[in-house]
file data_26.pdb (PDB, C-alpha atoms)
ATOM      1  CA  MET A 153       4.577  31.882 -28.582
ATOM      2  CA  SER A 154       6.290  28.651 -27.538
ATOM      3  CA  ILE A 155       6.311  26.602 -24.389
ATOM      4  CA  LEU A 156       9.933  26.037 -23.400
ATOM      5  CA  VAL A 157      10.658  22.577 -21.959
ATOM      6  CA  CYS A 158      14.079  22.418 -20.317
ATOM      7  CA  GLY A 159      15.505  18.939 -19.832
ATOM      8  CA  ALA A 160      13.447  17.761 -22.819
ATOM      9  CA  GLY A 161      15.915  15.002 -23.673
ATOM     10  CA  GLY A 162      15.389  13.324 -20.319
ATOM     11  CA  PHE A 163      12.793  10.847 -19.148
ATOM     12  CA  ILE A 164      10.028  13.125 -17.856
ATOM     13  CA  GLY A 165      10.881  15.875 -20.324
ATOM     14  CA  GLY A 166      10.409  13.618 -23.325
ATOM     15  CA  HIS A 167       6.964  12.574 -22.148
ATOM     16  CA  ILE A 168       5.971  16.179 -21.400
ATOM     17  CA  VAL A 169       6.987  17.314 -24.898
ATOM     18  CA  LYS A 170       5.080  14.419 -26.449
ATOM     19  CA  ARG A 171       1.889  15.342 -24.578
ATOM     20  CA  LEU A 172       2.164  19.061 -25.352
ATOM     21  CA  LEU A 173       2.604  18.368 -29.056
ATOM     22  CA  LYS A 174      -0.381  16.023 -28.970
ATOM     23  CA  GLU A 175      -2.406  18.908 -27.534
ATOM     24  CA  GLY A 176      -1.355  21.106 -30.452
ATOM     25  CA  LYS A 177       1.080  23.295 -28.531
ATOM     26  CA  LYS A 178       4.154  24.941 -30.041
ATOM     27  CA  VAL A 179       7.147  23.528 -28.154
ATOM     28  CA  ARG A 180      10.799  24.513 -27.905
ATOM     29  CA  ALA A 181      12.677  21.544 -26.433
ATOM     30  CA  VAL A 182      16.134  22.044 -24.887
ATOM     31  CA  ASP A 183      18.617  19.658 -23.280
ATOM     32  CA  ILE A 184      22.349  19.601 -22.559
ATOM     33  CA  LYS A 185      22.788  16.233 -24.266
ATOM     34  CA  ASP A 186      23.477  15.862 -27.946
ATOM     35  CA  ILE A 187      20.134  15.451 -29.703
ATOM     36  CA  HIS A 188      21.036  11.896 -30.744
ATOM     37  CA  GLN A 189      21.227  10.967 -27.039
ATOM     38  CA  TRP A 190      17.729  12.191 -26.130
ATOM     39  CA  PHE A 191      15.388   9.477 -24.898
ATOM     40  CA  GLN A 192      12.635  10.822 -27.129
ATOM     41  CA  LEU A 193      13.124  13.170 -30.068
ATOM     42  CA  HIS A 194       9.947  14.691 -31.510
ATOM     43  CA  GLU A 195      10.468  16.259 -34.913
ATOM     44  CA  GLU A 196       7.436  18.525 -34.516
ATOM     45  CA  ALA A 197       9.207  20.411 -31.726
ATOM     46  CA  GLU A 198      12.029  22.910 -32.084
ATOM     47  CA  ASN A 199      14.841  20.785 -30.635
ATOM     48  CA  ILE A 200      17.973  22.486 -29.313
ATOM     49  CA  SER A 201      21.091  21.120 -27.601
ATOM     50  CA  LEU A 202      22.462  23.736 -25.172
ATOM     51  CA  ASP A 203      23.886  23.931 -21.660
ATOM     52  CA  LEU A 204      21.488  26.026 -19.578
ATOM     53  CA  LYS A 205      24.097  26.520 -16.867
ATOM     54  CA  ASP A 206      25.367  29.213 -19.262
ATOM     55  CA  ASN A 207      23.403  32.410 -18.670
ATOM     56  CA  ASN A 208      23.648  33.524 -22.323
ATOM     57  CA  ASN A 209      22.136  30.250 -23.504
ATOM     58  CA  CYS A 210      19.143  30.770 -21.222
ATOM     59  CA  PHE A 211      18.496  34.182 -22.741
ATOM     60  CA  LYS A 212      18.647  32.719 -26.267
ATOM     61  CA  VAL A 213      16.158  29.911 -25.695
ATOM     62  CA  LEU A 214      13.665  32.050 -23.773
ATOM     63  CA  LYS A 215      13.000  34.482 -26.608
ATOM     64  CA  ASP A 216       9.423  34.257 -27.937
ATOM     65  CA  CYS A 217       8.345  31.911 -25.118
ATOM     66  CA  GLU A 218       5.342  32.438 -22.876
ATOM     67  CA  THR A 219       5.705  29.493 -20.474
ATOM     68  CA  VAL A 220       8.758  27.733 -19.057
ATOM     69  CA  ILE A 221       8.707  24.124 -17.807
ATOM     70  CA  ASN A 222      12.021  23.567 -16.041
ATOM     71  CA  LEU A 223      12.825  19.865 -15.660
ATOM     72  CA  ALA A 224      16.555  20.254 -16.255
ATOM     73  CA  CYS A 225      19.062  19.065 -13.672
ATOM     74  CA  ASN A 226      21.840  16.565 -13.193
ATOM     75  CA  MET A 227      20.352  13.626 -11.338
ATOM     76  CA  GLY A 228      19.669   9.917 -11.165
ATOM     77  CA  GLY A 229      18.807   7.223  -8.678
ATOM     78  CA  MET A 230      20.156   6.992  -5.135
ATOM     79  CA  GLY A 231      23.458   5.548  -6.331
ATOM     80  CA  PHE A 232      24.086   8.652  -8.417
ATOM     81  CA  ILE A 233      22.891  11.433  -6.135
ATOM     82  CA  GLN A 234      24.841  10.106  -3.149
ATOM     83  CA  SER A 235      28.041   9.834  -5.210
ATOM     84  CA  TYR A 236      27.893  13.121  -7.149
ATOM     85  CA  LYS A 237      26.617  15.716  -4.707
ATOM     86  CA  ALA A 238      28.585  18.619  -6.168
ATOM     87  CA  GLU A 239      27.350  17.823  -9.681
ATOM     88  CA  CYS A 240      23.783  17.831  -8.388
ATOM     89  CA  MET A 241      24.296  21.156  -6.604
ATOM     90  CA  ILE A 242      25.638  22.857  -9.740
ATOM     91  CA  SER A 243      22.183  22.456 -11.310
ATOM     92  CA  VAL A 244      21.115  25.448  -9.205
ATOM     93  CA  LEU A 245      22.611  27.584 -11.986
ATOM     94  CA  ILE A 246      19.940  26.401 -14.429
ATOM     95  CA  ASN A 247      16.989  27.560 -12.354
ATOM     96  CA  THR A 248      18.795  30.766 -11.363
ATOM     97  CA  ASN A 249      19.680  31.712 -14.938
ATOM     98  CA  LEU A 250      16.215  30.887 -16.241
ATOM     99  CA  LEU A 251      14.469  33.001 -13.604
ATOM    100  CA  ILE A 252      16.799  35.982 -14.101
ATOM    101  CA  ASN A 253      16.259  35.940 -17.853
ATOM    102  CA  CYS A 254      12.524  35.383 -17.513
ATOM    103  CA  LYS A 255      12.459  38.602 -15.494
ATOM    104  CA  LYS A 256      14.372  40.435 -18.238
ATOM    105  CA  LEU A 257      12.001  39.190 -20.938
ATOM    106  CA  GLY A 258       8.769  39.575 -18.976
ATOM    107  CA  ILE A 259       7.991  35.838 -18.841
ATOM    108  CA  LYS A 260       6.173  35.064 -15.605
ATOM    109  CA  ASN A 261       4.537  31.654 -16.147
ATOM    110  CA  TYR A 262       7.171  29.271 -14.799
ATOM    111  CA  TYR A 263       7.236  25.673 -13.566
ATOM    112  CA  PHE A 264       9.999  24.172 -11.428
ATOM    113  CA  SER A 265      10.332  20.424 -10.902
ATOM    114  CA  SER A 266      11.468  19.780  -7.350
ATOM    115  CA  SER A 267      11.746  16.465  -5.533
ATOM    116  CA  ALA A 268      10.655  14.537  -2.456
ATOM    117  CA  CYS A 269      14.363  14.633  -1.561
ATOM    118  CA  VAL A 270      13.685  18.061  -0.011
ATOM    119  CA  TYR A 271      11.845  16.476   2.915
ATOM    120  CA  ASN A 272      13.316  16.375   6.410
ATOM    121  CA  GLN A 273      15.259  13.115   6.701
ATOM    122  CA  GLU A 274      14.365  12.698  10.380
ATOM    123  CA  LYS A 275      10.747  12.120   9.328
ATOM    124  CA  GLN A 276      11.843   9.199   7.102
ATOM    125  CA  SER A 277      13.738   6.921   9.473
ATOM    126  CA  ASN A 278      11.240   4.016   9.515
ATOM    127  CA  SER A 279      10.358   1.610   6.706
ATOM    128  CA  PHE A 280       6.648   2.430   6.486
ATOM    129  CA  ILE A 281       5.834   6.027   7.317
ATOM    130  CA  THR A 282       2.869   8.364   7.197
ATOM    131  CA  GLY A 283       2.750  10.260   3.904
ATOM    132  CA  LEU A 284       4.890  13.388   3.810
ATOM    133  CA  LYS A 285       2.914  16.603   3.744
ATOM    134  CA  GLU A 286       4.240  19.704   2.037
ATOM    135  CA  THR A 287       4.927  21.308   5.433
ATOM    136  CA  ASP A 288       7.309  18.463   6.333
ATOM    137  CA  ALA A 289      10.149  20.085   4.370
ATOM    138  CA  TYR A 290      10.800  22.344   7.360
ATOM    139  CA  PRO A 291      12.754  22.525   9.575
ATOM    140  CA  ALA A 292      15.116  21.871   6.699
ATOM    141  CA  TYR A 293      17.149  18.663   6.647
ATOM    142  CA  PRO A 294      16.930  17.439   3.027
ATOM    143  CA  GLU A 295      18.955  14.844   1.133
ATOM    144  CA  ASP A 296      22.516  16.176   0.986
ATOM    145  CA  GLY A 297      23.498  17.689  -2.338
ATOM    146  CA  TYR A 298      20.519  17.053  -4.603
ATOM    147  CA  GLY A 299      17.891  17.765  -1.943
ATOM    148  CA  TRP A 300      19.528  21.019  -0.871
ATOM    149  CA  GLU A 301      19.732  22.211  -4.488
ATOM    150  CA  LYS A 302      16.034  21.548  -4.953
ATOM    151  CA  LEU A 303      15.037  23.221  -1.693
ATOM    152  CA  PHE A 304      17.148  26.314  -2.447
ATOM    153  CA  SER A 305      15.643  26.562  -5.928
ATOM    154  CA  GLU A 306      12.156  26.287  -4.463
ATOM    155  CA  ARG A 307      12.935  29.265  -2.227
ATOM    156  CA  MET A 308      14.150  31.268  -5.210
ATOM    157  CA  CYS A 309      10.894  30.574  -7.060
ATOM    158  CA  ASP A 310       8.941  31.610  -3.968
ATOM    159  CA  HIS A 311      10.776  34.926  -3.776
ATOM    160  CA  PHE A 312      10.364  35.651  -7.490
ATOM    161  CA  ASN A 313       6.638  35.197  -6.884
ATOM    162  CA  GLU A 314       6.750  37.609  -3.960
ATOM    163  CA  ASP A 315       9.119  40.246  -5.323
ATOM    164  CA  TYR A 316       8.361  40.253  -9.055
ATOM    165  CA  ASN A 317       4.775  38.989  -9.220
ATOM    166  CA  PHE A 318       5.812  35.801 -10.988
ATOM    167  CA  ASN A 319       3.528  32.806 -11.418
ATOM    168  CA  CYS A 320       6.004  30.072 -10.426
ATOM    169  CA  LYS A 321       4.578  26.610  -9.764
ATOM    170  CA  ILE A 322       6.596  24.044  -7.795
ATOM    171  CA  ALA A 323       6.040  20.271  -7.821
ATOM    172  CA  ARG A 324       7.791  17.774  -5.569
ATOM    173  CA  TYR A 325       8.069  14.571  -7.586
ATOM    174  CA  HIS A 326       7.991  11.237  -5.771
ATOM    175  CA  ASN A 327       9.925   8.581  -7.753
ATOM    176  CA  ILE A 328       8.578   8.808 -11.282
ATOM    177  CA  TYR A 329       9.011   5.684 -13.419
ATOM    178  CA  GLY A 330       7.920   4.145 -16.716
ATOM    179  CA  PRO A 331       9.060   3.377 -20.275
ATOM    180  CA  GLU A 332      11.436   5.515 -22.370
ATOM    181  CA  GLY A 333      13.894   6.244 -19.572
ATOM    182  CA  THR A 334      17.251   5.077 -18.288
ATOM    183  CA  PHE A 335      17.492   1.555 -16.875
ATOM    184  CA  ASP A 336      21.247   0.983 -16.859
ATOM    185  CA  GLY A 337      24.522   2.818 -16.455
ATOM    186  CA  GLY A 338      24.246   4.065 -12.862
ATOM    187  CA  ARG A 339      21.544   6.736 -13.057
ATOM    188  CA  GLU A 340      18.527   4.434 -13.085
ATOM    189  CA  LYS A 341      16.008   4.364 -10.249
ATOM    190  CA  ALA A 342      14.742   1.299  -8.406
ATOM    191  CA  PRO A 343      11.758   0.301 -10.626
ATOM    192  CA  ALA A 344      13.813   0.406 -13.830
ATOM    193  CA  ALA A 345      16.840  -1.225 -12.189
ATOM    194  CA  LEU A 346      14.802  -4.122 -10.792
ATOM    195  CA  CYS A 347      12.894  -4.607 -14.045
ATOM    196  CA  ARG A 348      16.241  -4.746 -15.866
ATOM    197  CA  LYS A 349      17.771  -7.207 -13.415
ATOM    198  CA  ILE A 350      14.830  -9.592 -13.563
ATOM    199  CA  ALA A 351      14.502  -9.261 -17.347
ATOM    200  CA  MET A 352      18.207  -9.991 -17.783
ATOM    201  CA  ALA A 353      17.963 -12.978 -15.448
ATOM    202  CA  LYS A 354      15.068 -14.352 -17.470
ATOM    203  CA  ILE A 355      16.785 -13.755 -20.817
ATOM    204  CA  SER A 356      20.054 -15.324 -19.657
ATOM    205  CA  LYS A 357      18.267 -18.087 -17.703
ATOM    206  CA  THR A 358      20.052 -17.171 -14.465
ATOM    207  CA  LYS A 359      18.554 -16.659 -11.021
ATOM    208  CA  ASP A 360      20.645 -14.333  -8.852
ATOM    209  CA  ILE A 361      20.037 -10.582  -8.650
ATOM    210  CA  GLU A 362      21.615  -8.054  -6.277
ATOM    211  CA  ILE A 363      19.597  -5.763  -4.019
ATOM    212  CA  TRP A 364      21.053  -2.915  -1.974
ATOM    213  CA  GLY A 365      20.470  -3.238   1.770
ATOM    214  CA  ASP A 366      17.890  -5.627   3.189
ATOM    215  CA  GLY A 367      15.158  -4.705   0.710
ATOM    216  CA  GLU A 368      12.893  -3.388   3.451
ATOM    217  CA  GLN A 369      13.456   0.285   2.577
ATOM    218  CA  THR A 370      10.223   1.766   1.196
ATOM    219  CA  ARG A 371       9.083   4.338  -1.340
ATOM    220  CA  SER A 372       5.984   5.263  -3.297
ATOM    221  CA  PHE A 373       6.304   5.297  -7.081
ATOM    222  CA  LEU A 374       4.274   7.260  -9.639
ATOM    223  CA  TYR A 375       3.767   6.129 -13.234
ATOM    224  CA  ILE A 376       4.926   8.598 -15.873
ATOM    225  CA  GLU A 377       1.539   9.177 -17.540
ATOM    226  CA  ASP A 378       0.044  10.176 -14.190
ATOM    227  CA  CYS A 379       3.019  12.455 -13.611
ATOM    228  CA  VAL A 380       2.430  14.192 -16.952
ATOM    229  CA  ASP A 381      -1.279  14.646 -16.173
ATOM    230  CA  ALA A 382      -0.575  16.246 -12.801
ATOM    231  CA  THR A 383       2.301  18.366 -14.095
ATOM    232  CA  LEU A 384       0.340  19.952 -16.925
ATOM    233  CA  GLN A 385      -2.661  20.531 -14.645
ATOM    234  CA  LEU A 386      -0.366  22.370 -12.242
ATOM    235  CA  VAL A 387       1.266  24.386 -15.054
ATOM    236  CA  SER A 388      -2.207  25.568 -16.114
ATOM    237  CA  SER A 389      -3.299  26.416 -12.575
ATOM    238  CA  ASP A 390      -2.780  29.493 -10.403
ATOM    239  CA  TYR A 391      -1.397  27.550  -7.442
ATOM    240  CA  LYS A 392       1.998  28.970  -6.420
ATOM    241  CA  TYR A 393       3.153  26.822  -3.479
ATOM    242  CA  PRO A 394       5.133  23.551  -3.372
ATOM    243  CA  ILE A 395       2.903  20.538  -3.921
ATOM    244  CA  ASN A 396       3.419  16.769  -4.003
ATOM    245  CA  ILE A 397       3.080  14.884  -7.272
ATOM    246  CA  GLY A 398       3.295  11.253  -6.258
ATOM    247  CA  SER A 399       1.498   8.085  -5.263
ATOM    248  CA  GLU A 400       0.381   7.039  -1.787
ATOM    249  CA  GLU A 401       0.960   3.346  -2.609
ATOM    250  CA  GLN A 402       4.018   2.738  -0.427
ATOM    251  CA  VAL A 403       5.926  -0.521  -0.942
ATOM    252  CA  SER A 404       9.243  -2.028   0.121
ATOM    253  CA  ILE A 405      11.867  -2.958  -2.444
ATOM    254  CA  ASN A 406      11.200  -6.611  -1.618
ATOM    255  CA  GLN A 407       7.505  -6.142  -2.325
ATOM    256  CA  MET A 408       8.311  -4.513  -5.640
ATOM    257  CA  VAL A 409      10.512  -7.479  -6.578
ATOM    258  CA  ASP A 410       7.542  -9.742  -5.792
ATOM    259  CA  ILE A 411       5.366  -7.751  -8.195
ATOM    260  CA  ILE A 412       7.940  -7.767 -11.007
ATOM    261  CA  GLU A 413       8.516 -11.515 -10.554
ATOM    262  CA  GLU A 414       4.792 -12.026 -11.062
ATOM    263  CA  ILE A 415       4.756  -9.805 -14.140
ATOM    264  CA  ALA A 416       7.801 -11.569 -15.604
ATOM    265  CA  ASP A 417       6.544 -14.994 -14.556
ATOM    266  CA  TYR A 418      10.068 -15.648 -13.337
ATOM    267  CA  LYS A 419      11.415 -16.194  -9.802
ATOM    268  CA  VAL A 420      14.866 -14.934  -8.810
ATOM    269  CA  ASN A 421      17.252 -15.405  -5.887
ATOM    270  CA  ARG A 422      17.887 -12.178  -3.993
ATOM    271  CA  LYS A 423      21.438 -11.417  -2.934
ATOM    272  CA  TYR A 424      21.514  -8.515  -0.463
ATOM    273  CA  ILE A 425      24.612  -6.323  -0.665
ATOM    274  CA  GLU A 426      25.831  -3.016   0.727
ATOM    275  CA  GLY A 427      24.908   0.032  -1.305
ATOM    276  CA  PRO A 428      23.540   3.593  -1.097
ATOM    277  CA  LEU A 429      20.058   3.470   0.403
ATOM    278  CA  GLY A 430      18.913   7.006   1.165
ATOM    279  CA  VAL A 431      16.191   7.363   3.781
ATOM    280  CA  ARG A 432      14.550   4.265   5.244
ATOM    281  CA  GLY A 433      11.011   5.131   4.176
ATOM    282  CA  ARG A 434       9.299   7.746   2.005
ATOM    283  CA  ASN A 435       5.706   8.200   0.939
ATOM    284  CA  SER A 436       3.590  10.981  -0.550
ATOM    285  CA  ASP A 437       0.620  12.601   1.130
ATOM    286  CA  ASN A 438      -1.742  13.629  -1.685
ATOM    287  CA  GLU A 439      -4.350  15.479   0.338
ATOM    288  CA  LEU A 440      -3.299  18.893  -0.979
ATOM    289  CA  ILE A 441      -3.132  18.029  -4.684
ATOM    290  CA  GLU A 442      -6.471  16.230  -4.485
ATOM    291  CA  LYS A 443      -7.965  19.384  -2.997
ATOM    292  CA  VAL A 444      -6.261  21.926  -5.274
ATOM    293  CA  LEU A 445      -6.244  20.106  -8.625
ATOM    294  CA  LYS A 446      -8.812  17.327  -8.035
ATOM    295  CA  TRP A 447      -6.091  14.940  -9.236
ATOM    296  CA  LYS A 448      -5.493  11.293  -8.344
ATOM    297  CA  PRO A 449      -3.216   8.728 -10.042
ATOM    298  CA  LYS A 450      -4.988   6.466 -12.528
ATOM    299  CA  ASN A 451      -2.373   3.688 -12.515
ATOM    300  CA  ASN A 452      -1.526   1.457  -9.586
ATOM    301  CA  LEU A 453       2.036   0.196  -9.162
ATOM    302  CA  LYS A 454       1.467  -3.206 -10.745
ATOM    303  CA  ASN A 455      -0.093  -1.697 -13.851
ATOM    304  CA  GLY A 456       2.748   0.798 -14.262
ATOM    305  CA  LEU A 457       5.418  -1.840 -13.655
ATOM    306  CA  GLN A 458       3.795  -4.064 -16.289
ATOM    307  CA  HIS A 459       4.305  -1.345 -18.937
ATOM    308  CA  THR A 460       7.812  -0.607 -17.683
ATOM    309  CA  TYR A 461       8.945  -4.230 -17.560
ATOM    310  CA  ASP A 462       7.502  -5.000 -20.999
ATOM    311  CA  TRP A 463       9.379  -2.059 -22.533
ATOM    312  CA  ILE A 464      12.689  -2.906 -20.849
ATOM    313  CA  PHE A 465      12.404  -6.612 -21.681
ATOM    314  CA  LYS A 466      11.650  -5.804 -25.337
ATOM    315  CA  THR A 467      14.519  -3.307 -25.490
ATOM    316  CA  LEU A 468      16.978  -5.829 -24.051
ATOM    317  CA  LYS A 469      15.777  -8.600 -26.345
ATOM    318  CA  GLU A 470      16.256  -6.343 -29.362
ATOM    319  CA  ASN A 471      19.768  -5.353 -28.198
ATOM    320  CA  LYS A 472      18.828  -1.690 -28.003
ATOM    321  CA  ASN A 473      20.495  -1.148 -24.620
ATOM    322  CA  SER A 474      22.992   1.254 -26.158
ATOM    323  CA  GLU A 475      24.961   4.166 -24.738
ATOM    324  CA  ILE A 476      21.771   6.234 -24.556
ATOM    325  CA  THR A 477      20.749   4.377 -21.404
ATOM    326  CA  LYS A 478      23.788   5.773 -19.599
ATOM    327  CA  PHE A 479      22.527   9.353 -19.762
ATOM    328  CA  SER A 480      19.603  10.701 -17.782
ATOM    329  CA  TYR A 481      18.900  14.325 -17.083
ATOM    330  CA  PHE A 482      15.680  14.844 -15.144
TER     331      PHE A 482
END

call {"tool": "encode", "arguments": {"input": "data_26.pdb", "output": "structure tokens"}}
result
Amino acid sequence: MSILVCGAGGFIGGHIVKRLLKEGKKVRAVDIKDIHQWFQLHEEAENISLDLKDNNNCFKVLKDCETVINLACNMGGMGFIQSYKAECMISVLINTNLLINCKKLGIKNYYFSSSACVYNQEKQSNSFITGLKETDAYPAYPEDGYGWEKLFSERMCDHFNEDYNFNCKIARYHNIYGPEGTFDGGREKAPAALCRKIAMAKISKTKDIEIWGDGEQTRSFLYIEDCVDATLQLVSSDYKYPINIGSEEQVSINQMVDIIEEIADYKVNRKYIEGPLGVRGRNSDNELIEKVLKWKPKNNLKNGLQHTYDWIFKTLKENKNSEITKFSYF
């Protein structure tokens, strides 16, 4: 029996497949993108290019599977999700179709990747805030478009647990970053975008980089290897309620630029411009996951950014910044 990883051609999906294969698991990897556009392609897996918004495709890929890890959705950084709200909402079809067909086939072990974008925006109006607890998603006022899709899909998983005795697990990711993901083209998130900007400035021997807003907006960022650890621990657990997977190391965008400048050994001039910003401040509260899974991140932000910057700088130097960087499905 296979583990089905949906969104396997994306950033997190590629790392999940890699880890599962390393553990000796049989993996069926599915993504909407053409296989040649996947960030990571592992030959040991059964790799399939299909659109899971099509109900028939979901039925096909679920056959002979015992566990589903659903990472598939149309998403990107703040610039993308604020500009393509309808596209983000349409991803609700993927989770819906997968759950319906899991019920038909008797597959009950299911994982849904949600997001910190489900949290009430009124609790995120200051730059540095107290970490968001899982209960802070209600009363509901999530990020428009993407956040609503995630919150609705969480509710569907909850009700499949209640009505059909499913074993759905739900993780709310807080800004996952690291190598082997998108860093250009409009879908990239802040760590990759800033690493790219500073790397390009260093390579081209220029100084100016653009930053959206005043740079005082804050987030916490979790390194990909820690994300994979927590995700697979949750998949193997019996915990059925939404839970944060993130870091409590909250920093401003300006502070993150400081860290990347130090890593790159290169100072830049910051030009602040108008742009999509999202909430003013967001941070994870990890009390629940530490209690339930005994999990804590192993990598601090500087360590993770070092790996990320080195990979992006090397990729740019080797002229590998091809069309693949313009596609990113979570």

call {"tool": "residues_around", "arguments": {"input": "data_26.pdb", "residues": "segment 199-209 of chain A", "least_positions_apart": "6", "cutoff": "9 Å", "atoms": "only C-alpha atoms", "output": "list in words"}}
result
Cys158, Ala160, Gly161, Val179, Arg180, Ala181, Val182, Asp183, Ile184, Lys185, Asp186, Ile187, Leu193, Ala224, Ile242, Ser243, Val244, Leu245, Ile246, Asn247, Thr248, Asn249, Leu250, Ile252 and Asn253 of chain A

call {"tool": "resolve_selection", "arguments": {"input": "data_26.pdb", "expression": "the PyMOL selection byres ((chain A and resi 351) around 9)", "output": "list in words"}}
result
Leu346, Cys347, Arg348, Lys349, Ile350, Met352, Ala353, Lys354, Ile355, Ser356, Ala416, Tyr418, Tyr461, Asp462, Ile464, Phe465 and Leu468 of chain A

call {"tool": "closest_residue", "arguments": {"input": "data_26.pdb", "among": "A:Lys450, A:Arg422, A:Lys212, A:Lys260", "to": "Gly398 of chain A", "atoms": "all atoms listed in the file"}}
result
A:Lys450

call {"tool": "atom_distance", "arguments": {"input": "data_26.pdb", "atom1": "atom CA of Val213 of chain A", "atom2": "atom CA of Cys309 of chain A"}}
result
19.4 Å

call {"tool": "atom_distance", "arguments": {"input": "data_26.pdb", "atom1": "atom CA of Lys174 of chain A", "atom2": "atom CA of Glu196 of chain A"}}
result
9.9 Å

call {"tool": "residues_around", "arguments": {"input": "data_26.pdb", "residues": "Leu257 of chain A", "least_positions_apart": "5", "cutoff": "9 Å", "atoms": "only C-alpha atoms", "output": "JSON, numbers by chain"}}
result
{"A": [211, 214, 215, 216, 252]}

call {"tool": "write_last_selection", "arguments": {"input": "data_26.pdb", "atoms": "C-alpha atoms", "output": "PDB file, keeping the file's coordinate frame"}}
result
ATOM      1  CA  PHE A 211      18.496  34.182 -22.741  1.00  0.00           C
ATOM      2  CA  LEU A 214      13.665  32.050 -23.773  1.00  0.00           C
ATOM      3  CA  LYS A 215      13.000  34.482 -26.608  1.00  0.00           C
ATOM      4  CA  ASP A 216       9.423  34.257 -27.937  1.00  0.00           C
ATOM      5  CA  ILE A 252      16.799  35.982 -14.101  1.00  0.00           C
TER       6      ILE A 252
END

call {"tool": "residues_around", "arguments": {"input": "data_26.pdb", "residues": "segment 299-305 of chain A", "least_positions_apart": "3", "cutoff": "9 Å", "atoms": "all atoms listed in the file", "output": "JSON list (two decimals) with C-alpha atoms, keeping the file's coordinate frame"}}
result
[["chain", "number", "residue", "atom", "x", "y", "z"],
["A", 240, "CYS", "CA", 23.78, 17.83, -8.39],
["A", 241, "MET", "CA", 24.30, 21.16, -6.60],
["A", 242, "ILE", "CA", 25.64, 22.86, -9.74],
["A", 243, "SER", "CA", 22.18, 22.46, -11.31],
["A", 244, "VAL", "CA", 21.12, 25.45, -9.20],
["A", 247, "ASN", "CA", 16.99, 27.56, -12.35],
["A", 248, "THR", "CA", 18.80, 30.77, -11.36],
["A", 264, "PHE", "CA", 10.00, 24.17, -11.43],
["A", 265, "SER", "CA", 10.33, 20.42, -10.90],
["A", 266, "SER", "CA", 11.47, 19.78, -7.35],
["A", 267, "SER", "CA", 11.75, 16.46, -5.53],
["A", 268, "ALA", "CA", 10.66, 14.54, -2.46],
["A", 269, "CYS", "CA", 14.36, 14.63, -1.56],
["A", 270, "VAL", "CA", 13.68, 18.06, -0.01],
["A", 271, "TYR", "CA", 11.84, 16.48, 2.92],
["A", 289, "ALA", "CA", 10.15, 20.08, 4.37],
["A", 292, "ALA", "CA", 15.12, 21.87, 6.70],
["A", 293, "TYR", "CA", 17.15, 18.66, 6.65],
["A", 294, "PRO", "CA", 16.93, 17.44, 3.03],
["A", 295, "GLU", "CA", 18.95, 14.84, 1.13],
["A", 296, "ASP", "CA", 22.52, 16.18, 0.99],
["A", 308, "MET", "CA", 14.15, 31.27, -5.21],
["A", 309, "CYS", "CA", 10.89, 30.57, -7.06],
["A", 310, "ASP", "CA", 8.94, 31.61, -3.97]]

call {"tool": "atom_distance", "arguments": {"input": "data_26.pdb", "atom1": "atom CA of His311 of chain A", "atom2": "atom CA of Gly258 of chain A"}}
result
16.0 Å

call {"tool": "resolve_selection", "arguments": {"input": "data_26.pdb", "expression": "the PyMOL selection byres ((chain A and resi 288) around 12)", "output": "VMD selection string"}}
result
chain A and resid 268 to 276 282 to 287 289 to 294 324 394 to 396 434 to 437

call {"tool": "resolve_selection", "arguments": {"input": "data_26.pdb", "expression": "the PyMOL selection byres ((chain A and resi 404-412) around 8)", "output": "list in words"}}
result
Ser279, Ala342, Pro343, Leu346, Cys347, Ile350, Gly367, Glu368, Gln369, Thr370, Arg371, Gln402, Val403, Glu413, Glu414, Ile415, Ala416, Lys454, Leu457, Gln458 and Tyr461 of chain A

call {"tool": "closest_residue", "arguments": {"input": "data_26.pdb", "among": "A:Asn327, A:Asn313, A:Asn451, A:Asn319", "to": "Asp381 of chain A", "atoms": "only C-alpha atoms"}}
result
A:Asn451

call {"tool": "closest_residue", "arguments": {"input": "data_26.pdb", "among": "A:Gly330, A:Ile441, A:Cys320, A:Ile425", "to": "Asp390 of chain A", "atoms": "only C-alpha atoms"}}
result
A:Cys320

call {"tool": "closest_residue", "arguments": {"input": "data_26.pdb", "among": "A:Cys379, A:Leu429, A:Met153, A:Val220", "to": "Asp366 of chain A", "atoms": "all atoms listed in the file"}}
result
A:Leu429

call {"tool": "closest_residue", "arguments": {"input": "data_26.pdb", "among": "A:Tyr375, A:Tyr325, A:Tyr424, A:Phe232", "to": "Lys341 of chain A", "atoms": "only C-alpha atoms"}}
result
A:Phe232

call {"tool": "axis_aligned_box", "arguments": {"input": "data_26.pdb", "around": "segment 384-398 of chain A", "padding_each_side": "6 Å", "output": "JSON"}}
result
{"center_x": 0.9, "center_y": 20.4, "center_z": -10.1, "size_x": 20.4, "size_y": 30.2, "size_z": 25.6}

call {"tool": "closest_residue", "arguments": {"input": "data_26.pdb", "among": "A:Ser399, A:Asn421, A:Asn438, A:Asn471", "to": "Gly456 of chain A", "atoms": "all atoms listed in the file"}}
result
A:Ser399

call {"tool": "residues_around", "arguments": {"input": "data_26.pdb", "residues": "Val420 of chain A", "least_positions_apart": "3", "cutoff": "7 Å", "atoms": "all atoms listed in the file", "output": "PDB file with C-alpha atoms, in the coordinates of the input"}}
result
ATOM      1  CA  LYS A 359      18.554 -16.659 -11.021  1.00  0.00           C
ATOM      2  CA  ASP A 360      20.645 -14.333  -8.852  1.00  0.00           C
ATOM      3  CA  ILE A 361      20.037 -10.582  -8.650  1.00  0.00           C
TER       4      ILE A 361
END
